[in-house]
file structure_4.cif (mmCIF, C-alpha atoms)
data_model
#
loop_
_atom_site.label_atom_id
_atom_site.label_comp_id
_atom_site.auth_asym_id
_atom_site.auth_seq_id
_atom_site.Cartn_x
_atom_site.Cartn_y
_atom_site.Cartn_z
CA MET M 1 60.40 -17.53 23.50
CA LYS M 2 58.15 -16.01 20.82
CA ILE M 3 55.09 -14.18 22.15
CA LEU M 4 52.18 -13.33 19.84
CA HIS M 5 49.52 -10.84 20.99
CA LEU M 6 46.11 -10.98 19.30
CA THR M 7 43.65 -8.08 19.48
CA TYR M 8 41.01 -7.06 16.96
CA SER M 9 42.38 -3.53 16.48
CA LEU M 10 44.56 -0.98 18.24
CA SER M 11 41.66 1.40 18.80
CA GLY M 12 39.75 1.68 22.07
CA GLY M 13 40.94 1.02 25.59
CA ALA M 14 41.69 -2.67 25.07
CA GLY M 15 43.64 -2.08 21.85
CA THR M 16 45.66 0.67 23.52
CA ALA M 17 46.42 -1.57 26.50
CA ALA M 18 47.47 -4.47 24.26
CA TYR M 19 49.80 -2.26 22.23
CA ARG M 20 51.42 -0.86 25.39
CA GLN M 21 51.96 -4.34 26.79
CA HIS M 22 53.52 -5.45 23.52
CA LYS M 23 55.86 -2.42 23.60
CA ALA M 24 56.78 -3.17 27.22
CA LEU M 25 57.92 -6.65 26.20
CA LEU M 26 59.92 -5.33 23.26
CA ALA M 27 61.65 -2.88 25.59
CA ALA M 28 62.48 -5.79 27.90
CA GLY M 29 64.18 -7.61 25.03
CA ILE M 30 61.41 -10.17 24.49
CA ASP M 31 60.53 -11.50 21.03
CA SER M 32 57.00 -10.07 20.90
CA THR M 33 54.68 -9.64 17.90
CA LEU M 34 51.18 -8.20 17.68
CA LEU M 35 48.53 -9.22 15.13
CA THR M 36 45.27 -7.34 14.49
CA ILE M 37 42.38 -7.65 12.05
CA GLU M 38 41.91 -3.98 11.21
CA GLY M 39 44.47 -1.19 11.08
CA PRO M 40 47.82 -0.34 9.52
CA GLU M 41 50.97 -2.36 10.02
CA GLU M 42 54.01 -1.08 11.92
CA SER M 43 56.63 -3.60 10.88
CA ALA M 44 59.34 -1.69 12.75
CA MET M 45 57.32 -2.33 15.94
CA SER M 46 56.40 -5.93 14.96
CA VAL M 47 52.73 -4.99 14.49
CA PHE M 48 50.91 -6.74 11.64
CA SER M 49 47.32 -6.77 10.41
CA LEU M 50 45.12 -8.80 8.09
CA GLN M 51 43.95 -5.54 6.55
CA SER M 52 47.44 -4.95 5.20
CA SER M 53 48.33 -8.51 4.24
CA HIS M 54 45.30 -10.74 3.60
CA LYS M 55 44.43 -10.96 -0.11
CA ASP M 56 40.74 -11.60 0.64
CA PHE M 57 40.46 -9.03 3.44
CA GLU M 58 37.83 -6.81 1.79
CA ARG M 59 35.60 -9.76 0.93
CA LEU M 60 35.88 -11.19 4.42
CA LEU M 61 35.27 -7.80 6.00
CA ARG M 62 32.07 -7.35 3.98
CA LYS M 63 30.92 -10.80 5.09
CA HIS M 64 31.86 -10.03 8.70
CA ASN M 65 29.97 -6.72 8.63
CA ARG M 66 26.87 -8.30 7.06
CA ARG M 67 26.74 -10.94 9.79
CA LYS M 68 27.28 -8.30 12.45
CA LEU M 69 24.51 -6.09 11.01
CA LEU M 70 22.01 -8.97 10.85
CA ARG M 71 22.86 -10.04 14.40
CA ASN M 72 22.47 -6.49 15.73
CA LEU M 73 19.13 -6.11 13.96
CA LYS M 74 17.95 -9.38 15.50
CA THR M 75 19.22 -8.35 18.92
CA ARG M 76 17.59 -4.93 18.72
CA SER M 77 14.28 -6.51 17.72
CA TYR M 78 14.03 -7.48 21.39
CA GLY M 79 14.60 -3.91 22.53
CA ASN M 80 17.34 -1.32 22.68
CA THR M 81 20.78 -2.88 22.96
CA PRO M 82 22.66 -0.87 25.61
CA GLU M 83 26.13 -2.10 24.72
CA LEU M 84 28.02 -4.26 22.27
CA PHE M 85 27.03 -7.88 21.65
CA SER M 86 29.53 -10.19 19.92
CA ASP M 87 29.16 -13.76 18.73
CA HIS M 88 31.45 -16.57 19.89
CA ARG M 89 32.07 -17.46 16.23
CA SER M 90 34.38 -15.89 13.65
CA ILE M 91 35.12 -16.09 9.92
CA TRP M 92 38.79 -15.03 10.04
CA GLY M 93 40.51 -18.39 10.62
CA ILE M 94 43.20 -16.83 12.82
CA GLU M 95 44.29 -20.26 14.05
CA ASN M 96 45.78 -20.89 10.57
CA HIS M 97 47.85 -17.69 10.42
CA ASP M 98 51.62 -18.13 10.06
CA LEU M 99 52.31 -15.93 13.11
CA VAL M 100 50.04 -18.10 15.24
CA LYS M 101 51.81 -21.23 14.06
CA ALA M 102 55.26 -19.75 14.76
CA ALA M 103 54.52 -18.46 18.27
CA ASP M 104 55.49 -20.26 21.46
CA VAL M 105 52.85 -18.43 23.53
CA ILE M 106 49.59 -16.87 22.33
CA HIS M 107 48.51 -13.83 24.36
CA LEU M 108 44.87 -12.90 23.69
CA HIS M 109 43.36 -9.48 24.37
CA TRP M 110 40.10 -8.13 22.82
CA VAL M 111 39.38 -11.02 20.45
CA ALA M 112 35.59 -10.98 20.13
CA GLU M 113 34.81 -12.23 16.60
CA MET M 114 38.52 -12.20 15.83
CA ILE M 115 38.76 -15.82 16.92
CA ASP M 116 36.15 -18.55 16.80
CA LEU M 117 36.18 -19.76 20.40
CA GLU M 118 35.36 -23.39 19.61
CA VAL M 119 37.62 -23.76 16.57
CA PHE M 120 40.52 -21.78 18.00
CA PHE M 121 40.77 -23.58 21.33
CA SER M 122 40.31 -27.01 19.78
CA SER M 123 43.11 -26.25 17.28
CA ILE M 124 45.74 -24.50 19.40
CA LYS M 125 48.06 -26.91 21.22
CA LYS M 126 50.34 -24.33 22.80
CA PRO M 127 50.12 -22.16 25.95
CA VAL M 128 47.49 -19.41 25.90
CA VAL M 129 47.40 -16.32 28.11
CA TRP M 130 44.25 -14.20 27.96
CA THR M 131 44.07 -10.66 29.37
CA LEU M 132 40.40 -9.88 29.86
CA HIS M 133 39.61 -6.22 29.18
CA ASP M 134 35.85 -6.73 29.62
CA ALA M 135 33.41 -9.51 30.48
CA TRP M 136 32.76 -11.02 27.01
CA ALA M 137 34.87 -14.14 27.58
CA PHE M 138 32.63 -15.39 30.40
CA THR M 139 29.21 -13.87 29.57
CA GLY M 140 26.61 -14.77 26.99
CA GLY M 141 27.91 -12.35 24.36
CA PHE M 142 27.54 -8.90 25.89
CA HIS M 143 30.79 -7.22 26.87
CA TYR M 144 29.08 -5.62 29.88
CA GLU M 145 25.87 -7.25 31.07
CA LYS M 146 24.49 -4.89 33.72
CA TYR M 147 22.48 -2.86 31.23
CA TRP M 148 20.65 -5.42 29.14
CA ASN M 149 17.09 -6.48 29.93
CA SER M 150 17.29 -9.99 31.39
CA GLU M 151 13.65 -10.60 30.45
CA SER M 152 14.48 -10.02 26.76
CA PHE M 153 18.03 -11.33 26.57
CA GLY M 154 18.13 -13.92 29.34
CA LYS M 155 17.77 -16.98 27.11
CA ARG M 156 20.34 -15.72 24.62
CA SER M 157 22.83 -14.95 27.37
CA ALA M 158 22.26 -18.25 29.15
CA ARG M 159 22.89 -20.15 25.92
CA GLY M 160 26.10 -18.19 25.33
CA ILE M 161 27.35 -19.06 28.80
CA GLU M 162 26.58 -22.75 28.30
CA ILE M 163 28.49 -22.71 25.00
CA ARG M 164 31.51 -21.22 26.76
CA LYS M 165 31.33 -23.75 29.58
CA GLU M 166 31.36 -26.55 27.01
CA ILE M 167 34.36 -25.04 25.19
CA PHE M 168 36.42 -24.40 28.31
CA SER M 169 35.34 -27.42 30.39
CA ASN M 170 38.67 -29.18 29.81
CA THR M 171 40.80 -26.27 28.62
CA ARG M 172 43.45 -24.71 30.85
CA ILE M 173 44.20 -21.06 30.17
CA GLN M 174 46.17 -18.49 32.11
CA LEU M 175 43.71 -15.65 32.64
CA VAL M 176 44.98 -12.17 33.49
CA PHE M 177 42.77 -9.39 34.88
CA PRO M 178 43.73 -5.71 35.23
CA SER M 179 41.25 -5.47 38.13
CA GLN M 180 40.26 -7.72 41.01
CA TYR M 181 36.68 -6.70 40.24
CA LEU M 182 36.67 -8.40 36.84
CA GLN M 183 38.55 -11.39 38.22
CA GLU M 184 35.85 -11.99 40.85
CA LEU M 185 33.08 -11.67 38.25
CA CYS M 186 34.82 -14.26 36.10
CA LYS M 187 35.28 -16.68 38.99
CA ALA M 188 31.59 -16.34 39.89
CA SER M 189 30.58 -17.26 36.33
CA ALA M 190 32.22 -20.72 36.63
CA VAL M 191 33.04 -20.68 32.90
CA PHE M 192 36.79 -21.20 33.33
CA GLN M 193 36.85 -23.93 35.95
CA LYS M 194 40.19 -25.40 34.80
CA SER M 195 42.04 -22.12 34.30
CA ASP M 196 44.45 -20.09 36.42
CA PHE M 197 43.71 -16.51 37.52
CA GLN M 198 46.14 -13.62 38.02
CA GLN M 199 45.66 -9.88 38.53
CA ILE M 200 48.21 -7.66 36.75
CA ASP M 201 47.81 -3.90 36.21
CA ASN M 202 47.88 -2.45 32.72
CA CYS M 203 50.84 -0.24 31.90
CA VAL M 204 51.11 3.26 30.43
CA ASP M 205 53.73 4.91 28.25
CA SER M 206 56.13 6.37 30.80
CA CYS M 207 57.81 8.53 28.15
CA TYR M 208 54.67 10.68 27.91
CA PHE M 209 52.54 10.26 31.01
CA LYS M 210 54.62 11.98 33.66
CA TYR M 211 54.53 15.02 35.90
CA GLU M 212 56.10 18.15 34.45
CA PRO M 213 55.35 21.11 36.76
CA ASP M 214 56.19 23.74 34.14
CA LYS M 215 53.28 22.45 32.04
CA ASN M 216 50.80 22.57 34.93
CA VAL M 217 48.61 25.65 34.53
CA HIS M 218 46.48 26.83 37.45
CA GLU M 219 44.56 30.08 37.41
CA GLU M 220 43.07 30.49 40.85
CA ASN M 221 40.92 33.52 39.95
CA ASN M 222 39.02 31.49 37.37
CA GLY M 223 38.37 28.45 39.56
CA PHE M 224 39.91 25.06 38.86
CA ALA M 225 39.98 23.40 35.46
CA MET M 226 38.32 20.01 34.94
CA LEU M 227 38.74 17.40 32.23
CA TYR M 228 36.32 14.70 31.10
CA ALA M 229 37.70 12.30 28.48
CA SER M 230 36.01 9.32 26.87
CA GLY M 231 36.33 7.66 23.48
CA GLU M 232 32.55 7.35 23.37
CA LEU M 233 29.97 9.69 24.92
CA ARG M 234 26.78 7.93 23.82
CA TYR M 235 27.07 4.71 25.83
CA TYR M 236 25.00 4.83 29.02
CA ARG M 237 27.73 2.81 30.73
CA LYS M 238 30.20 5.68 30.24
CA GLY M 239 28.04 7.99 32.36
CA PHE M 240 28.38 11.21 30.39
CA ASP M 241 24.73 11.96 31.24
CA ILE M 242 25.85 12.38 34.86
CA VAL M 243 28.30 15.11 33.82
CA ALA M 244 25.72 16.77 31.55
CA SER M 245 23.19 16.80 34.38
CA ALA M 246 25.75 18.34 36.76
CA ILE M 247 26.45 21.05 34.18
CA GLU M 248 22.75 21.80 33.93
CA LYS M 249 22.60 22.11 37.73
CA LYS M 250 25.40 24.69 37.45
CA CYS M 251 27.38 23.03 40.23
CA LEU M 252 30.61 22.80 38.25
CA PRO M 253 33.41 25.35 38.39
CA ASN M 254 34.00 27.76 35.55
CA ARG M 255 35.99 25.53 33.18
CA ILE M 256 35.53 21.99 31.92
CA LEU M 257 36.95 20.44 28.76
CA ILE M 258 34.95 17.48 27.46
CA LEU M 259 36.83 15.20 25.08
CA GLY M 260 34.78 12.57 23.30
CA GLY M 261 33.39 11.77 19.88
CA SER M 262 33.76 14.45 17.26
CA GLU M 263 34.26 18.09 18.15
CA LYS M 264 31.91 19.17 15.33
CA SER M 265 29.12 16.89 16.52
CA GLN M 266 28.94 18.45 19.98
CA GLY M 267 27.23 21.64 21.01
CA GLN M 268 27.87 24.27 23.65
CA ILE M 269 25.49 23.48 26.49
CA SER M 270 26.78 25.91 29.10
CA GLU M 271 29.18 28.80 29.50
CA GLY M 272 32.64 27.57 30.40
CA VAL M 273 32.09 24.18 28.74
CA GLU M 274 34.39 23.35 25.86
CA TYR M 275 34.12 20.27 23.62
CA GLY M 276 36.91 18.60 21.72
CA ALA M 277 37.57 15.31 19.93
CA TYR M 278 39.11 12.55 22.02
CA GLU M 279 42.69 12.08 20.81
CA ASN M 280 44.49 8.75 20.66
CA ASP M 281 47.74 10.67 20.99
CA ALA M 282 49.79 10.29 24.16
CA GLU M 283 51.56 13.65 23.92
CA ALA M 284 48.30 15.52 23.30
CA MET M 285 46.53 13.75 26.16
CA MET M 286 49.44 14.45 28.52
CA GLY M 287 49.03 18.13 27.72
CA HIS M 288 45.33 17.97 28.62
CA TYR M 289 46.03 16.19 31.91
CA MET M 290 48.76 18.66 32.88
CA LYS M 291 46.55 21.68 32.15
CA SER M 292 43.72 20.26 34.27
CA ASP M 293 43.40 20.31 38.03
CA VAL M 294 41.22 17.20 38.08
CA LEU M 295 39.92 14.44 35.81
CA ILE M 296 36.22 13.59 36.08
CA HIS M 297 35.35 9.93 35.46
CA THR M 298 31.70 8.89 35.74
CA SER M 299 31.53 5.37 34.30
CA ARG M 300 28.82 3.03 35.63
CA GLU M 301 30.87 -0.11 34.98
CA ASP M 302 34.54 -0.46 34.07
CA ASN M 303 37.61 -2.64 34.39
CA GLN M 304 40.78 -0.52 34.81
CA PRO M 305 40.30 2.66 32.73
CA ASN M 306 43.38 3.86 30.86
CA VAL M 307 42.43 7.51 31.32
CA ILE M 308 42.54 7.21 35.11
CA ALA M 309 45.98 5.57 35.07
CA GLU M 310 47.26 8.17 32.58
CA SER M 311 45.89 11.06 34.61
CA LEU M 312 47.43 9.80 37.85
CA CYS M 313 50.80 9.27 36.13
CA CYS M 314 50.67 12.96 35.20
CA GLY M 315 49.90 13.82 38.82
CA THR M 316 46.33 14.88 38.08
CA PRO M 317 43.88 13.69 40.76
CA VAL M 318 40.61 12.04 39.78
CA ILE M 319 37.00 12.43 40.92
CA ALA M 320 35.34 9.13 40.01
CA THR M 321 32.26 7.02 40.49
CA PRO M 322 32.78 3.67 42.30
CA ALA M 323 32.52 1.65 39.07
CA GLY M 324 34.01 -1.84 38.77
CA GLY M 325 37.77 -1.72 39.27
CA VAL M 326 37.94 2.07 39.75
CA PRO M 327 37.92 1.90 43.59
CA GLU M 328 41.10 -0.18 43.30
CA MET M 329 42.77 2.81 41.63
CA ILE M 330 41.52 5.73 43.76
CA GLU M 331 42.52 6.29 47.36
CA ASN M 332 40.05 8.80 48.74
CA ASN M 333 41.55 12.24 49.42
CA SER M 334 45.02 10.95 48.51
CA ASN M 335 44.99 10.74 44.70
CA GLY M 336 41.38 11.75 44.17
CA ILE M 337 37.83 11.57 45.45
CA LEU M 338 35.69 8.45 45.15
CA LEU M 339 31.99 9.26 44.89
CA ASP M 340 29.42 7.25 46.82
CA SER M 341 26.86 6.90 43.99
CA PHE M 342 26.27 7.31 40.26
CA THR M 343 24.33 10.57 40.32
CA ALA M 344 24.81 14.20 39.36
CA GLU M 345 24.18 15.10 42.99
CA ALA M 346 27.08 12.89 44.13
CA LEU M 347 29.32 14.43 41.47
CA CYS M 348 28.36 17.94 42.59
CA ASP M 349 29.13 17.01 46.21
CA GLY M 350 32.50 15.56 45.21
CA ILE M 351 33.41 18.67 43.24
CA GLY M 352 32.34 20.79 46.20
CA GLN M 353 34.80 18.90 48.40
CA PHE M 354 37.65 19.15 45.91
CA ASN M 355 40.52 21.52 46.60
CA PRO M 356 43.39 21.30 44.08
CA ARG M 357 45.84 22.59 46.71
CA GLN M 358 45.06 19.54 48.84
CA PHE M 359 46.72 17.09 46.44
CA ASP M 360 50.45 16.55 46.01
CA ARG M 361 50.71 16.08 42.25
CA LYS M 362 54.36 15.08 42.34
CA ARG M 363 53.66 12.28 44.83
CA ILE M 364 50.57 11.11 42.93
CA ALA M 365 52.60 10.87 39.73
CA SER M 366 55.48 9.05 41.39
CA GLU M 367 53.24 6.39 42.96
CA ALA M 368 51.20 5.88 39.78
CA ARG M 369 54.24 5.64 37.52
CA GLN M 370 55.61 2.87 39.72
CA ARG M 371 52.33 0.97 39.70
CA TYR M 372 51.63 1.31 35.96
CA SER M 373 55.20 1.17 34.68
CA PRO M 374 56.02 -0.93 31.59
CA GLU M 375 58.96 -2.46 33.47
CA ARG M 376 56.73 -3.69 36.29
CA PHE M 377 54.23 -5.14 33.84
CA ALA M 378 56.94 -6.90 31.84
CA LYS M 379 58.44 -8.47 34.98
CA GLN M 380 55.04 -9.76 36.13
CA ILE M 381 53.89 -11.16 32.78
CA LEU M 382 57.27 -12.76 32.11
CA SER M 383 56.93 -14.72 35.34
CA ILE M 384 53.66 -16.11 33.94
CA TYR M 385 55.14 -16.96 30.54
CA SER M 386 58.07 -18.73 32.21
CA ALA M 387 55.76 -20.91 34.29
CA LEU M 388 53.66 -22.12 31.33
#

call {"tool": "encode", "arguments": {"input": "structure_4.cif", "output": "structure tokens"}}
result
Amino acid sequence: MKILHLTYSLSGGAGTAAYRQHKALLAAGIDSTLLTIEGPEESAMSVFSLQSSHKDFERLLRKHNRRKLLRNLKTRSYGNTPELFSDHRSIWGIENHDLVKAADVIHLHWVAEMIDLEVFFSSIKKPVVWTLHDAWAFTGGFHYEKYWNSESFGKRSARGIEIRKEIFSNTRIQLVFPSQYLQELCKASAVFQKSDFQQIDNCVDSCYFKYEPDKNVHEENNGFAMLYASGELRYYRKGFDIVASAIEKKCLPNRILILGGSEKSQGQISEGVEYGAYENDAEAMMGHYMKSDVLIHTSREDNQPNVIAESLCCGTPVIATPAGGVPEMIENNSNGILLDSFTAEALCDGIGQFNPRQFDRKRIASEARQRYSPERFAKQILSIYSAL
């Protein structure tokens, strides 16, 4: 059985998750290949990209970017766009790629504007599995729809939903959701009425994200160390403003490392606050988790954040807002603290309750590594492939 994963790139949370799932299948002895639009190839890991192989890539990319720019300008003419909007169409013609033709099963991930929904699903006559990493597949084009103005964008979104209902009205797909939260949102949309639904956790790299007590640094005299990590600080959905407000209120302990964006682009806003660039490097991130007593996660909407799973696998408890699928990951006062609202005041209260000596890091790591193990993921997804 030949499995082909499609994801636009390996960057971001969805790209990271797709790559880890692909690696989990390779480790299980499955013939798995991953195809992206942008990024380098790793032929030794069966990862291929149009950027490295398509003779017209630069021309198509310029066309793609022009269309994206014009669409964003049009969208923003109605007001500030709070998050990403992606069209249901695409110029890449992925359905004609040799790897797509050779595969027995197509496993989609973050494929916004990588595939043309109408053309792709009318052309592909083989089983399709789709892991949804956000809500784009069943919304009108926004990847997260809580933060757009329905008065301005309502007609556009409604049209996008109708288009999707038309495309998927007689199409059966196996949908996979890392969180029950996203699964229930999708069911409520009624876009995929003929499809099957299954919740399967993402996996993490167990070679790196693990508890190593000799790397855990705790200096009681200086208070406990906190970590905030996000690939993007400027999105309102990510909730960094909640952390910044808590810092201004001076309710945080002495030390917090904020990873996100570019280190040079950030300023020092309070004593004890250190900024650094977010690193897409498992070993480096493991070091940050192990040197922290707690991870702070303040997203306003999310699916199943990689950083929370990684932190827990390192035994580092998490203080988090009750966003999306996050409550499915945090057991209050067992592997972290779940806040009751999305405010700086709630974050300050949660930090006030936190005692690093209360949490058994070894147990937290053991439980998380079982839940998010590549072996567990491979076993679950293989049962789906076999039933197609």

call {"tool": "residues_around", "arguments": {"input": "structure_4.cif", "residues": "Asp205 in chain M", "least_positions_apart": "2", "cutoff": "9 Å", "atoms": "all atoms listed in the file", "output": "list in words"}}
result
Arg20, Lys23, Ala24, Cys203, Cys207, Tyr208, Phe209, Lys210, Ala282, Glu310, Tyr372, Ser373 and Pro374 of chain M

call {"tool": "closest_residue", "arguments": {"input": "structure_4.cif", "among": "M:Ile94, M:Ala190, M:Ala284, M:Ala14", "to": "Asn303 in chain M", "atoms": "only C-alpha atoms"}}
result
M:Ala14

call {"tool": "residues_around", "arguments": {"input": "structure_4.cif", "residues": "Ala137 in chain M", "least_positions_apart": "5", "cutoff": "12 Å", "atoms": "only C-alpha atoms", "output": "PyMOL selection string"}}
result
chain M and resi 85-88+108-113+115-117+130-132+142-145+160-165+167-168+173+175-177+182-183+185-187+189-192

call {"tool": "resolve_selection", "arguments": {"input": "structure_4.cif", "expression": "the PyMOL selection byres ((chain M and resi 363) around 12)", "output": "VMD selection string"}}
result
chain M and resid 210 to 211 312 to 317 334 to 335 358 to 362 364 to 370

call {"tool": "resolve_selection", "arguments": {"input": "structure_4.cif", "expression": "the PyMOL selection byres ((chain M and resi 1) around 7)", "output": "VMD selection string"}}
result
chain M and resid 2 to 3 31 104

call {"tool": "residues_around", "arguments": {"input": "structure_4.cif", "residues": "Val47 in chain M", "least_positions_apart": "5", "cutoff": "12 Å", "atoms": "all atoms listed in the file", "output": "JSON, numbers by chain"}}
result
{"M": [4, 5, 6, 7, 9, 10, 18, 19, 20, 22, 23, 26, 32, 33, 34, 35, 36, 37, 38, 39, 40, 41, 42, 52, 53, 99]}

call {"tool": "resolve_selection", "arguments": {"input": "structure_4.cif", "expression": "the PyMOL selection byres ((chain M and resi 296) around 8)", "output": "ChimeraX atom specification"}}
result
/M:226-229,294-295,297-298,318-320

call {"tool": "closest_residue", "arguments": {"input": "structure_4.cif", "among": "M:Ser157, M:Gln199, M:Ser122, M:Gln304", "to": "Thr139 in chain M", "atoms": "only C-alpha atoms"}}
result
M:Ser157

call {"tool": "closest_residue", "arguments": {"input": "structure_4.cif", "among": "M:Ile106, M:Leu388, M:Ala309, M:Met114", "to": "Ile91 in chain M", "atoms": "only C-alpha atoms"}}
result
M:Met114

call {"tool": "closest_residue", "arguments": {"input": "structure_4.cif", "among": "M:Arg371, M:His133, M:His288, M:Arg255", "to": "Gly13 in chain M", "atoms": "only C-alpha atoms"}}
result
M:His133

call {"tool": "closest_residue", "arguments": {"input": "structure_4.cif", "among": "M:Gly140, M:Pro213, M:Pro127, M:Gly154", "to": "Gln174 in chain M", "atoms": "all atoms listed in the file"}}
result
M:Pro127

call {"tool": "atom_distance", "arguments": {"input": "structure_4.cif", "atom1": "CA of Glu274 in chain M", "atom2": "CA of Lys238 in chain M"}}
result
18.7 Å

call {"tool": "atom_distance", "arguments": {"input": "structure_4.cif", "atom1": "CA of Phe138 in chain M", "atom2": "CA of Ala188 in chain M"}}
result
9.6 Å

call {"tool": "atom_distance", "arguments": {"input": "structure_4.cif", "atom1": "CA of Phe48 in chain M", "atom2": "CA of Glu375 in chain M"}}
result
23.7 Å

call {"tool": "closest_residue", "arguments": {"input": "structure_4.cif", "among": "M:Ala378, M:Leu61, M:Leu25, M:Leu233", "to": "Met45 in chain M", "atoms": "all atoms listed in the file"}}
result
M:Leu25

call {"tool": "build_atoms", "arguments": {"input": "structure_4.cif", "residues": "range 316-327 of chain M", "atoms": "N, CA and C atoms", "output": "PDB file, in the coordinates of the input"}}
result
ATOM      1  N   THR M 316      47.649  14.239  38.043  1.00  0.00           N
ATOM      2  CA  THR M 316      46.330  14.880  38.080  1.00  0.00           C
ATOM      3  C   THR M 316      45.353  14.006  38.843  1.00  0.00           C
ATOM      4  N   PRO M 317      44.819  14.497  39.974  1.00  0.00           N
ATOM      5  CA  PRO M 317      43.880  13.690  40.760  1.00  0.00           C
ATOM      6  C   PRO M 317      42.582  13.445  40.004  1.00  0.00           C
ATOM      7  N   VAL M 318      41.797  12.492  40.493  1.00  0.00           N
ATOM      8  CA  VAL M 318      40.610  12.040  39.780  1.00  0.00           C
ATOM      9  C   VAL M 318      39.405  12.040  40.721  1.00  0.00           C
ATOM     10  N   ILE M 319      38.294  12.583  40.247  1.00  0.00           N
ATOM     11  CA  ILE M 319      37.000  12.430  40.920  1.00  0.00           C
ATOM     12  C   ILE M 319      36.236  11.384  40.131  1.00  0.00           C
ATOM     13  N   ALA M 320      35.885  10.256  40.761  1.00  0.00           N
ATOM     14  CA  ALA M 320      35.340   9.130  40.010  1.00  0.00           C
ATOM     15  C   ALA M 320      34.194   8.449  40.743  1.00  0.00           C
ATOM     16  N   THR M 321      33.304   7.873  39.956  1.00  0.00           N
ATOM     17  CA  THR M 321      32.260   7.020  40.490  1.00  0.00           C
ATOM     18  C   THR M 321      32.870   5.667  40.886  1.00  0.00           C
ATOM     19  N   PRO M 322      32.218   4.938  41.814  1.00  0.00           N
ATOM     20  CA  PRO M 322      32.780   3.670  42.300  1.00  0.00           C
ATOM     21  C   PRO M 322      32.462   2.517  41.358  1.00  0.00           C
ATOM     22  N   ALA M 323      32.883   2.621  40.114  1.00  0.00           N
ATOM     23  CA  ALA M 323      32.520   1.650  39.070  1.00  0.00           C
ATOM     24  C   ALA M 323      33.565   0.542  38.948  1.00  0.00           C
ATOM     25  N   GLY M 324      33.136  -0.722  39.066  1.00  0.00           N
ATOM     26  CA  GLY M 324      34.010  -1.840  38.770  1.00  0.00           C
ATOM     27  C   GLY M 324      35.336  -1.783  39.490  1.00  0.00           C
ATOM     28  N   GLY M 325      36.436  -1.738  38.696  1.00  0.00           N
ATOM     29  CA  GLY M 325      37.770  -1.720  39.270  1.00  0.00           C
ATOM     30  C   GLY M 325      38.281  -0.342  39.650  1.00  0.00           C
ATOM     31  N   VAL M 326      37.483   0.701  39.456  1.00  0.00           N
ATOM     32  CA  VAL M 326      37.940   2.070  39.750  1.00  0.00           C
ATOM     33  C   VAL M 326      38.307   2.257  41.223  1.00  0.00           C
ATOM     34  N   PRO M 327      37.522   1.724  42.194  1.00  0.00           N
ATOM     35  CA  PRO M 327      37.920   1.900  43.590  1.00  0.00           C
ATOM     36  C   PRO M 327      39.280   1.298  43.931  1.00  0.00           C
TER      37      PRO M 327
END
